[in-house]
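A.B. asks: So that you have it, the file is model-v3.cif, and it contains mmCIF, C-alpha atoms (C1' of nucleotides):
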data_my_file
loop_
_atom_site.group_PDB
_atom_site.id
_atom_site.type_symbol
_atom_site.label_atom_id
_atom_site.label_comp_id
_atom_site.auth_asym_id
_atom_site.auth_seq_id
_atom_site.Cartn_x
_atom_site.Cartn_y
_atom_site.Cartn_z
ATOM 1 C CA MET A 21 102.844 117.129 124.279
ATOM 2 C CA SER A 22 102.988 115.181 127.518
ATOM 3 C CA GLU A 23 105.856 116.754 129.453
ATOM 4 C CA ASN A 24 105.426 116.254 133.162
ATOM 5 C CA LYS A 25 102.361 114.083 133.065
ATOM 6 C CA PRO A 26 102.433 111.666 136.010
ATOM 7 C CA LYS A 27 103.243 108.210 134.722
ATOM 8 C CA LYS A 28 100.346 105.803 135.020
ATOM 9 C CA ASP A 29 100.443 102.055 135.169
ATOM 10 C CA CYS A 30 97.408 101.443 133.010
ATOM 11 C CA CYS A 31 98.634 98.731 130.673
ATOM 12 C CA PHE A 32 102.207 98.461 131.710
ATOM 13 C CA ALA A 33 104.493 99.575 134.536
ATOM 14 C CA SER A 34 106.272 102.951 134.400
ATOM 15 C CA GLU A 35 109.729 101.409 134.160
ATOM 16 C CA GLY A 36 108.553 99.505 131.117
ATOM 17 C CA ILE A 37 107.490 102.727 129.464
ATOM 18 C CA GLU A 38 110.891 104.278 130.078
ATOM 19 C CA LYS A 39 112.544 101.213 128.621
ATOM 20 C CA VAL A 40 110.501 101.425 125.436
ATOM 21 C CA ALA A 41 111.125 105.168 125.192
ATOM 22 C CA LYS A 42 114.878 104.665 125.576
ATOM 23 C CA MET A 43 114.901 101.922 122.990
ATOM 24 C CA LEU A 44 113.540 104.157 120.220
ATOM 25 C CA SER A 45 116.002 105.123 117.509
ATOM 26 C CA PRO A 46 117.295 108.676 117.903
ATOM 27 C CA ASP A 47 115.420 111.420 116.071
ATOM 28 C CA GLU A 48 118.387 111.961 113.770
ATOM 29 C CA GLU A 49 117.832 108.438 112.513
ATOM 30 C CA LEU A 50 114.031 108.308 112.525
ATOM 31 C CA MET A 51 113.480 111.615 110.760
ATOM 32 C CA PRO A 52 115.486 110.717 107.667
ATOM 33 C CA LEU A 53 113.772 107.352 107.724
ATOM 34 C CA ALA A 54 110.363 109.039 107.601
ATOM 35 C CA GLU A 55 111.557 111.198 104.702
ATOM 36 C CA PHE A 56 112.848 108.119 102.962
ATOM 37 C CA PHE A 57 109.545 106.263 103.299
ATOM 38 C CA ARG A 58 107.558 109.326 102.294
ATOM 39 C CA ILE A 59 109.181 108.974 98.883
ATOM 40 C CA PHE A 60 107.469 105.609 98.453
ATOM 41 C CA GLY A 61 104.148 107.177 99.346
ATOM 42 C CA ASP A 62 103.253 108.552 95.940
ATOM 43 C CA PHE A 63 101.599 106.859 93.003
ATOM 44 C CA THR A 64 103.803 108.450 90.333
ATOM 45 C CA ARG A 65 107.023 107.678 92.163
ATOM 46 C CA LEU A 66 105.926 104.109 92.782
ATOM 47 C CA LYS A 67 105.373 103.651 89.048
ATOM 48 C CA ILE A 68 108.788 105.141 88.343
ATOM 49 C CA ILE A 69 110.352 102.743 90.823
ATOM 50 C CA GLN A 70 108.625 99.716 89.375
ATOM 51 C CA ALA A 71 109.506 100.720 85.828
ATOM 52 C CA LEU A 72 113.154 101.136 86.809
ATOM 53 C CA SER A 73 113.095 97.716 88.430
ATOM 54 C CA ALA A 74 112.652 96.303 84.938
ATOM 55 C CA HIS A 75 115.099 98.444 83.030
ATOM 56 C CA GLU A 76 117.412 101.430 83.226
ATOM 57 C CA LEU A 77 115.481 104.280 81.583
ATOM 58 C CA CYS A 78 115.861 107.825 80.364
ATOM 59 C CA VAL A 79 113.598 110.651 81.474
ATOM 60 C CA CYS A 80 111.488 110.881 78.339
ATOM 61 C CA HIS A 81 110.731 107.175 78.337
ATOM 62 C CA LEU A 82 109.880 107.247 82.001
ATOM 63 C CA ALA A 83 107.491 110.088 81.282
ATOM 64 C CA GLU A 84 105.790 107.981 78.608
ATOM 65 C CA ILE A 85 105.625 104.889 80.740
ATOM 66 C CA VAL A 86 104.219 106.466 83.875
ATOM 67 C CA ASN A 87 102.173 108.869 81.784
ATOM 68 C CA VAL A 88 103.095 112.208 83.302
ATOM 69 C CA SER A 89 104.855 115.261 81.875
ATOM 70 C CA GLN A 90 108.618 115.409 81.443
ATOM 71 C CA SER A 91 108.771 118.141 84.028
ATOM 72 C CA ALA A 92 106.820 116.151 86.581
ATOM 73 C CA VAL A 93 109.067 113.085 86.179
ATOM 74 C CA SER A 94 112.117 115.252 86.417
ATOM 75 C CA HIS A 95 110.945 116.787 89.670
ATOM 76 C CA GLN A 96 110.191 113.346 91.066
ATOM 77 C CA LEU A 97 113.524 111.957 89.911
ATOM 78 C CA ARG A 98 115.258 114.743 91.764
ATOM 79 C CA LEU A 99 113.573 113.586 94.977
ATOM 80 C CA LEU A 100 114.239 109.938 94.220
ATOM 81 C CA LYS A 101 117.892 110.718 93.698
ATOM 82 C CA GLN A 102 118.162 112.990 96.706
ATOM 83 C CA TYR A 103 116.916 110.217 98.977
ATOM 84 C CA ARG A 104 119.059 107.623 97.230
ATOM 85 C CA LEU A 105 116.313 105.525 95.735
ATOM 86 C CA VAL A 106 117.748 105.909 92.259
ATOM 87 C CA LYS A 107 121.071 106.691 90.664
ATOM 88 C CA VAL A 108 121.906 108.287 87.337
ATOM 89 C CA ARG A 109 124.504 108.095 84.647
ATOM 90 C CA ARG A 110 124.807 110.252 81.594
ATOM 91 C CA ALA A 111 124.782 108.657 78.134
ATOM 92 C CA GLY A 112 125.139 111.362 75.543
ATOM 93 C CA LYS A 113 122.214 113.705 75.604
ATOM 94 C CA GLU A 114 120.275 111.453 77.893
ATOM 95 C CA LYS A 115 120.461 110.580 81.527
ATOM 96 C CA LEU A 116 119.786 106.982 82.407
ATOM 97 C CA TYR A 117 118.149 106.316 85.742
ATOM 98 C CA SER A 118 118.195 103.048 87.653
ATOM 99 C CA LEU A 119 117.400 101.854 91.147
ATOM 100 C CA ASP A 120 120.064 102.500 93.748
ATOM 101 C CA ASP A 121 120.151 99.047 95.335
ATOM 102 C CA GLU A 122 118.176 95.902 96.217
ATOM 103 C CA HIS A 123 116.593 97.449 99.308
ATOM 104 C CA ILE A 124 114.270 99.508 97.159
ATOM 105 C CA MET A 125 112.516 96.563 95.544
ATOM 106 C CA GLU A 126 112.710 94.624 98.780
ATOM 107 C CA ILE A 127 110.616 97.313 100.451
ATOM 108 C CA PHE A 128 108.346 97.637 97.435
ATOM 109 C CA ASN A 129 107.673 93.912 97.313
ATOM 110 C CA THR A 130 107.175 93.500 101.037
ATOM 111 C CA GLY A 131 104.533 96.215 100.781
ATOM 112 C CA LEU A 132 102.835 94.404 97.917
ATOM 113 C CA MET A 133 102.863 91.159 99.879
ATOM 114 C CA HIS A 134 101.363 92.855 102.889
ATOM 115 C CA LEU A 135 98.516 94.256 100.820
ATOM 116 C CA ALA A 136 97.951 90.954 99.040
ATOM 117 C CA GLU A 137 97.573 89.159 102.360
ATOM 118 C CA LYS A 138 95.232 91.769 103.797
ATOM 119 C CA LYS A 139 93.071 92.031 100.721
ATOM 120 C CA GLY A 140 89.317 91.892 101.235
ATOM 121 C CA MET B 8 100.556 113.907 80.217
ATOM 122 C CA SER B 9 102.167 112.342 77.169
ATOM 123 C CA GLU B 10 99.239 111.055 75.134
ATOM 124 C CA ASN B 11 100.096 110.766 71.476
ATOM 125 C CA LYS B 12 103.728 111.729 71.677
ATOM 126 C CA PRO B 13 105.661 109.899 68.926
ATOM 127 C CA LYS B 14 107.734 107.164 70.525
ATOM 128 C CA LYS B 15 111.446 107.843 70.352
ATOM 129 C CA ASP B 16 114.253 105.352 70.534
ATOM 130 C CA CYS B 17 116.543 107.451 72.659
ATOM 131 C CA CYS B 18 117.742 104.971 75.267
ATOM 132 C CA PHE B 19 115.726 101.954 74.343
ATOM 133 C CA ALA B 20 113.541 100.692 71.479
ATOM 134 C CA SER B 21 109.805 101.480 71.420
ATOM 135 C CA GLU B 22 108.770 97.874 71.881
ATOM 136 C CA GLY B 23 110.867 97.784 75.037
ATOM 137 C CA ILE B 24 108.976 100.779 76.384
ATOM 138 C CA GLU B 25 105.655 99.109 75.766
ATOM 139 C CA LYS B 26 106.875 96.016 77.512
ATOM 140 C CA VAL B 27 107.868 97.963 80.600
ATOM 141 C CA ALA B 28 104.579 99.867 80.554
ATOM 142 C CA LYS B 29 102.599 96.630 80.340
ATOM 143 C CA MET B 30 104.555 95.078 83.150
ATOM 144 C CA LEU B 31 103.599 97.751 85.676
ATOM 145 C CA SER B 32 101.164 96.685 88.377
ATOM 146 C CA PRO B 33 97.628 97.897 87.746
ATOM 147 C CA ASP B 34 96.630 101.224 89.271
ATOM 148 C CA GLU B 35 94.217 99.478 91.634
ATOM 149 C CA GLU B 36 97.220 97.767 93.158
ATOM 150 C CA LEU B 37 99.743 100.606 93.039
ATOM 151 C CA MET B 38 97.483 103.267 94.495
ATOM 152 C CA PRO B 39 96.759 101.411 97.724
ATOM 153 C CA LEU B 40 100.452 100.597 97.892
ATOM 154 C CA ALA B 41 101.311 104.292 97.751
ATOM 155 C CA GLU B 42 98.781 104.988 100.497
ATOM 156 C CA PHE B 43 100.251 102.179 102.551
ATOM 157 C CA PHE B 44 103.796 103.531 102.248
ATOM 158 C CA ARG B 45 102.652 107.071 102.924
ATOM 159 C CA ILE B 46 101.776 105.872 106.411
ATOM 160 C CA PHE B 47 105.443 105.094 107.039
ATOM 161 C CA GLY B 48 106.381 108.561 105.891
ATOM 162 C CA ASP B 49 105.778 110.403 109.124
ATOM 163 C CA PHE B 50 108.041 110.857 112.116
ATOM 164 C CA THR B 51 105.322 110.400 114.737
ATOM 165 C CA ARG B 52 103.919 107.273 113.120
ATOM 166 C CA LEU B 53 107.390 105.800 112.743
ATOM 167 C CA LYS B 54 107.960 106.260 116.472
ATOM 168 C CA ILE B 55 104.622 104.624 117.201
ATOM 169 C CA ILE B 56 105.561 101.696 114.996
ATOM 170 C CA GLN B 57 108.940 101.228 116.603
ATOM 171 C CA ALA B 58 107.480 101.481 120.094
ATOM 172 C CA LEU B 59 104.869 98.852 119.248
ATOM 173 C CA SER B 60 107.603 96.603 117.893
ATOM 174 C CA ALA B 61 108.853 96.350 121.465
ATOM 175 C CA HIS B 62 105.582 95.962 123.307
ATOM 176 C CA GLU B 63 101.829 96.077 122.987
ATOM 177 C CA LEU B 64 100.797 99.499 124.304
ATOM 178 C CA CYS B 65 97.787 101.570 125.267
ATOM 179 C CA VAL B 66 97.097 104.999 123.837
ATOM 180 C CA CYS B 67 98.174 107.046 126.834
ATOM 181 C CA HIS B 68 101.497 105.262 127.085
ATOM 182 C CA LEU B 69 102.103 105.652 123.393
ATOM 183 C CA ALA B 70 101.426 109.357 123.795
ATOM 184 C CA GLU B 71 104.036 109.548 126.538
ATOM 185 C CA ILE B 72 106.591 107.534 124.668
ATOM 186 C CA VAL B 73 106.387 109.347 121.366
ATOM 187 C CA ASN B 74 105.774 112.640 123.158
ATOM 188 C CA VAL B 75 102.659 113.915 121.443
ATOM 189 C CA SER B 76 99.126 114.600 122.686
ATOM 190 C CA GLN B 77 96.597 111.842 123.289
ATOM 191 C CA SER B 78 94.471 113.239 120.504
ATOM 192 C CA ALA B 79 97.336 113.250 118.035
ATOM 193 C CA VAL B 80 98.267 109.621 118.764
ATOM 194 C CA SER B 81 94.656 108.634 118.486
ATOM 195 C CA HIS B 82 94.318 110.256 115.080
ATOM 196 C CA GLN B 83 97.495 108.527 113.908
ATOM 197 C CA LEU B 84 96.408 105.184 115.309
ATOM 198 C CA ARG B 85 93.223 105.455 113.316
ATOM 199 C CA LEU B 86 95.293 105.749 110.139
ATOM 200 C CA LEU B 87 97.656 102.987 111.204
ATOM 201 C CA LYS B 88 94.710 100.712 111.824
ATOM 202 C CA GLN B 89 92.885 101.700 108.663
ATOM 203 C CA TYR B 90 95.890 100.704 106.572
ATOM 204 C CA ARG B 91 96.460 97.547 108.609
ATOM 205 C CA LEU B 92 99.771 98.469 110.147
ATOM 206 C CA VAL B 93 98.450 97.902 113.645
ATOM 207 C CA LYS B 94 95.669 95.991 115.308
ATOM 208 C CA VAL B 95 93.806 96.625 118.552
ATOM 209 C CA ARG B 96 92.219 94.738 121.341
ATOM 210 C CA ARG B 97 90.284 96.122 124.233
ATOM 211 C CA ALA B 98 91.422 95.431 127.783
ATOM 212 C CA GLY B 99 89.046 97.058 130.216
ATOM 213 C CA LYS B 100 89.095 100.811 129.831
ATOM 214 C CA GLU B 101 92.140 100.678 127.627
ATOM 215 C CA LYS B 102 92.791 99.659 124.090
ATOM 216 C CA LEU B 103 96.019 97.843 123.464
ATOM 217 C CA TYR B 104 97.682 98.386 120.124
ATOM 218 C CA SER B 105 100.226 96.116 118.478
ATOM 219 C CA LEU B 106 101.760 95.679 115.042
ATOM 220 C CA ASP B 107 99.646 93.842 112.526
ATOM 221 C CA ASP B 108 102.308 91.456 111.222
ATOM 222 C CA GLU B 109 106.003 90.911 110.505
ATOM 223 C CA HIS B 110 105.938 92.833 107.235
ATOM 224 C CA ILE B 111 105.756 96.108 109.110
ATOM 225 C CA MET B 112 109.089 95.727 110.874
ATOM 226 C CA GLU B 113 110.577 94.074 107.827
ATOM 227 C CA ILE B 114 109.903 97.246 105.862
ATOM 228 C CA PHE B 115 110.995 99.449 108.760
ATOM 229 C CA ASN B 116 114.287 97.613 109.150
ATOM 230 C CA THR B 117 115.060 97.429 105.462
ATOM 231 C CA GLY B 118 114.647 101.208 105.396
ATOM 232 C CA LEU B 119 117.011 101.604 108.331
ATOM 233 C CA MET B 120 119.568 99.361 106.641
ATOM 234 C CA HIS B 121 119.321 101.331 103.449
ATOM 235 C CA LEU B 122 119.992 104.582 105.277
ATOM 236 C CA ALA B 123 122.819 103.069 107.309
ATOM 237 C CA GLU B 124 124.571 101.953 104.146
ATOM 238 C CA LYS B 125 124.119 105.279 102.418
ATOM 239 C CA LYS B 126 125.189 107.360 105.391
ATOM 240 C CA GLY B 127 127.723 110.117 104.752
ATOM 241 C "C1'" DT C 23 128.982 127.884 66.178
ATOM 242 C "C1'" DG C 24 124.087 127.168 66.376
ATOM 243 C "C1'" DA C 25 119.990 124.368 65.839
ATOM 244 C "C1'" DA C 26 117.747 120.475 67.900
ATOM 245 C "C1'" DC C 27 117.179 117.519 71.487
ATOM 246 C "C1'" DA C 28 117.151 116.061 76.565
ATOM 247 C "C1'" DT C 29 116.827 117.309 81.126
ATOM 248 C "C1'" DA C 30 116.432 120.456 85.144
ATOM 249 C "C1'" DT C 31 114.474 124.077 87.838
ATOM 250 C "C1'" DG C 32 111.824 128.083 89.968
ATOM 251 C "C1'" DA C 33 107.388 130.076 90.922
ATOM 252 C "C1'" DA C 34 102.612 129.484 91.557
ATOM 253 C "C1'" DC C 35 98.548 127.016 92.737
ATOM 254 C "C1'" DA C 36 95.392 123.474 94.314
ATOM 255 C "C1'" DG C 37 95.024 119.651 97.125
ATOM 256 C "C1'" DT C 38 96.548 117.124 101.198
ATOM 257 C "C1'" DT C 39 98.106 116.423 105.980
ATOM 258 C "C1'" DA C 40 99.343 116.675 111.114
ATOM 259 C "C1'" DT C 41 98.317 118.916 115.017
ATOM 260 C "C1'" DT C 42 95.321 121.325 118.366
ATOM 261 C "C1'" DC C 43 91.123 122.288 120.754
ATOM 262 C "C1'" DA C 44 86.767 121.086 122.273
ATOM 263 C "C1'" DT C 45 83.866 117.563 122.985
ATOM 264 C "C1'" DA C 46 81.715 112.977 122.451
ATOM 265 C "C1'" DT C 47 81.743 108.019 123.290
ATOM 266 C "C1'" DG C 48 82.838 104.020 125.880
ATOM 267 C "C1'" DT C 49 84.284 101.491 130.189
ATOM 268 C "C1'" DT C 50 84.926 100.634 135.168
ATOM 269 C "C1'" DC C 51 83.871 100.652 139.868
ATOM 270 C "C1'" DA C 52 82.270 102.575 144.172
ATOM 271 C "C1'" DT D 16 73.750 105.335 138.650
ATOM 272 C "C1'" DG D 17 77.363 108.638 138.158
ATOM 273 C "C1'" DA D 18 82.111 110.092 138.698
ATOM 274 C "C1'" DA D 19 86.594 109.174 136.828
ATOM 275 C "C1'" DC D 20 89.312 107.427 133.420
ATOM 276 C "C1'" DA D 21 90.554 106.113 128.469
ATOM 277 C "C1'" DT D 22 89.905 106.769 123.820
ATOM 278 C "C1'" DA D 23 87.868 108.742 119.580
ATOM 279 C "C1'" DT D 24 86.457 112.317 116.521
ATOM 280 C "C1'" DG D 25 85.041 116.712 114.004
ATOM 281 C "C1'" DA D 26 86.410 121.285 112.742
ATOM 282 C "C1'" DA D 27 89.959 124.560 112.001
ATOM 283 C "C1'" DT D 28 94.445 125.865 110.671
ATOM 284 C "C1'" DA D 29 99.255 126.064 109.298
ATOM 285 C "C1'" DA D 30 102.545 123.576 106.765
ATOM 286 C "C1'" DC D 31 103.650 120.627 103.044
ATOM 287 C "C1'" DT D 32 103.321 118.340 98.361
ATOM 288 C "C1'" DG D 33 102.688 117.369 93.291
ATOM 289 C "C1'" DT D 34 101.754 119.260 89.066
ATOM 290 C "C1'" DT D 35 101.953 122.807 85.505
ATOM 291 C "C1'" DC D 36 103.974 126.470 82.950
ATOM 292 C "C1'" DA D 37 107.747 128.950 81.422
ATOM 293 C "C1'" DT D 38 112.361 128.890 80.947
ATOM 294 C "C1'" DA D 39 117.223 127.645 81.782
ATOM 295 C "C1'" DT D 40 121.078 124.421 81.363
ATOM 296 C "C1'" DG D 41 123.562 120.894 79.120
ATOM 297 C "C1'" DT D 42 124.833 117.838 75.064
ATOM 298 C "C1'" DT D 43 125.336 116.456 70.205
ATOM 299 C "C1'" DC D 44 126.222 116.968 65.537
ATOM 300 C "C1'" DA D 45 125.987 119.152 61.095
#
Take the structure from the file and write it as structure tokens.
C.D. replies:
Amino acid sequence: MSENKPKKDCCFASEGIEKVAKMLSPDEELMPLAEFFRIFGDFTRLKIIQALSAHELCVCHLAEIVNVSQSAVSHQLRLLKQYRLVKVRRAGKEKLYSLDDEHIMEIFNTGLMHLAEKKG
Amino acid sequence: MSENKPKKDCCFASEGIEKVAKMLSPDEELMPLAEFFRIFGDFTRLKIIQALSAHELCVCHLAEIVNVSQSAVSHQLRLLKQYRLVKVRRAGKEKLYSLDDEHIMEIFNTGLMHLAEKKG
DNA sequence: TGAACATATGAACAGTTATTCATATGTTCA
DNA sequence: TGAACATATGAATAACTGTTCATATGTTCA
């Protein structure tokens, strides 16, 4: 922590620093955002997301497609739902999952593009 | 794992499942993508990113702005650089960090928009 | 109703991660 | 050159995360 550290002008004047600090989104906005992005930061969940981008799917098929246990998918789907990446509807015995909105694939694809450009 | 589980047609025919499975990006692409997104999934790093979106900054100023120790920012900057979210240039004693490209804030802002829409 | 199917969930465990502390490296300038 | 400043890094630790296993809940249909 850097509480009462005297402000230095190494790269930039003190007023500038304050300005940048003030311009940051409030913690109540940035913390949920970090939680939201953390959901993208897992291989299994990323496969679930990409699979759902192609088709609404039930839990057992998702488990087959991403090749993890039913329990594991279910746990991940709970997170994905909690953070509004996916939505569900019941259809008989099954529950059909799909992506919540366009933002999800927008983020996914921007990430892919970034990596493609930086490759090598 | 779901190795030789007999394919069921619960929500969708078996051929459809195969199609979705085949359409997934290869692991060598999805795993780095997960690592890339994981970097966004931390409060401190998100603050660093947003601060850098406003201005190129040195380590000590970043530490002040995001309110963590110099060592902590430095460790995070190493990750941010490793995954190409930021770039550095030296200016005398200091090192000035800035965002690597537009994709970073594009992802950041799409996330913010998503949360804003889902609020409540 | 009850058997069979589909999904969800809690506890436990192994692996990962963010910070701190101490210290090392790199740069400037008197 | 060496003191002062700026940044980086390794080890240690506490907190968190993803999977598994066992089991519970919910739904259909005979």
A.B. asks: To one decimal place, how far is CA of Val79 in chain A from CA of Lys67 in chain A in Å?
C.D. replies: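 Rounded to one decimal, the two atoms are 13.2 Å apart.
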A.B. asks: What residues in chain B lie within 7 Å of chain D, counting all atoms listed in the file, written as a count of residues only?
C.D. replies: 3
A.B. asks: Would you kindly report the residues of chain C within 10 Å of chain B, using all atoms listed in the file, as a CSV table (one decimal) with C-alpha atoms (C1' of nucleotides), in the frame of the given file?
C.D. replies:
chain,number,residue,atom,x,y,z
C,28,DA,C1',117.2,116.1,76.6
C,40,DA,C1',99.3,116.7,111.1
C,41,DT,C1',98.3,118.9,115.0
C,42,DT,C1',95.3,121.3,118.4
C,43,DC,C1',91.1,122.3,120.8
C,48,DG,C1',82.8,104.0,125.9
C,49,DT,C1',84.3,101.5,130.2
C,50,DT,C1',84.9,100.6,135.2
A.B. asks: What is the CA of Leu86 in chain B to CA of Glu71 in chain B distance in Å?
C.D. replies: 19.0 Å
A.B. asks: Taking (112.9, 112.6, 99.5) in the coordinates of the supplied file, I want to know which residues reach to within 7 Å of it, counting all atoms listed in the file; could you give the answer as a list in words?
C.D. replies: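 Neighbouring residues, ordered by chain and number, come to Glu55, Phe56, Arg58, Ile59, Leu99, Leu100, Gln102 and Tyr103 of chain A.
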A.B. asks: I need the chain B residues near chain A as number ranges by chain; criterion: at most 7 Å, counting all atoms listed in the file.
C.D. replies: B: 8-9, 18, 24, 27-28, 31, 37-38, 40-42, 44-45, 47-50, 53, 57-58, 61, 64-65, 68, 71-72, 74-76, 110, 114, 117-119, 121
A.B. asks: Rebuild range 108-116 of chain A so that it carries all heavy atoms, then output the result as a short mmCIF file (atom, residue, chain, number, x, y, z; two decimals), in the coordinates of the input.
C.D. replies:
data_model
loop_
_atom_site.label_atom_id
_atom_site.label_comp_id
_atom_site.auth_asym_id
_atom_site.auth_seq_id
_atom_site.Cartn_x
_atom_site.Cartn_y
_atom_site.Cartn_z
N VAL A 108 121.92 107.84 88.72
CA VAL A 108 121.91 108.29 87.34
C VAL A 108 123.28 108.13 86.71
O VAL A 108 124.29 108.17 87.40
CB VAL A 108 121.64 109.80 87.23
CG1 VAL A 108 120.86 110.11 85.98
CG2 VAL A 108 121.01 110.34 88.45
N ARG A 109 123.26 107.96 85.40
CA ARG A 109 124.50 108.10 84.65
C ARG A 109 124.16 108.79 83.35
O ARG A 109 123.06 108.66 82.82
CB ARG A 109 125.16 106.74 84.39
CG ARG A 109 124.41 105.84 83.45
CD ARG A 109 125.11 104.50 83.32
NE ARG A 109 124.39 103.63 82.40
CZ ARG A 109 124.64 103.57 81.07
NH1 ARG A 109 125.59 104.31 80.54
NH2 ARG A 109 123.94 102.77 80.30
N ARG A 110 125.07 109.57 82.85
CA ARG A 110 124.81 110.25 81.59
C ARG A 110 125.22 109.36 80.43
O ARG A 110 126.22 108.64 80.52
CB ARG A 110 125.56 111.58 81.52
CG ARG A 110 125.13 112.42 80.34
CD ARG A 110 125.73 113.78 80.32
NE ARG A 110 124.93 114.79 81.00
CZ ARG A 110 123.82 115.33 80.51
NH1 ARG A 110 123.36 114.92 79.36
NH2 ARG A 110 123.19 116.26 81.16
N ALA A 111 124.44 109.38 79.36
CA ALA A 111 124.78 108.66 78.13
C ALA A 111 124.44 109.60 76.99
O ALA A 111 123.32 109.61 76.51
CB ALA A 111 124.01 107.35 78.03
N GLY A 112 125.39 110.39 76.60
CA GLY A 112 125.14 111.36 75.54
C GLY A 112 124.20 112.43 76.02
O GLY A 112 124.38 112.98 77.12
N LYS A 113 123.18 112.68 75.23
CA LYS A 113 122.21 113.70 75.60
C LYS A 113 121.35 113.26 76.77
O LYS A 113 120.79 114.08 77.49
CB LYS A 113 121.29 114.01 74.41
CG LYS A 113 121.92 114.87 73.33
CD LYS A 113 120.90 115.26 72.28
CE LYS A 113 120.52 114.09 71.38
NZ LYS A 113 119.80 114.55 70.16
N GLU A 114 121.22 111.97 76.91
CA GLU A 114 120.28 111.45 77.89
C GLU A 114 120.90 111.21 79.26
O GLU A 114 122.11 111.13 79.40
CB GLU A 114 119.71 110.12 77.40
CG GLU A 114 119.11 110.21 76.02
CD GLU A 114 119.09 108.87 75.36
OE1 GLU A 114 119.14 107.86 76.10
OE2 GLU A 114 119.04 108.80 74.13
N LYS A 115 120.02 111.05 80.22
CA LYS A 115 120.46 110.58 81.53
C LYS A 115 119.69 109.31 81.80
O LYS A 115 118.47 109.27 81.67
CB LYS A 115 120.19 111.62 82.60
CG LYS A 115 121.21 112.74 82.60
CD LYS A 115 120.98 113.66 83.77
CE LYS A 115 122.10 114.67 83.91
NZ LYS A 115 121.78 115.63 84.98
N LEU A 116 120.42 108.27 82.17
CA LEU A 116 119.79 106.98 82.41
C LEU A 116 119.66 106.74 83.90
O LEU A 116 120.65 106.74 84.64
CB LEU A 116 120.59 105.87 81.74
CG LEU A 116 120.65 106.00 80.21
CD1 LEU A 116 121.46 104.85 79.60
CD2 LEU A 116 119.25 106.02 79.62
#
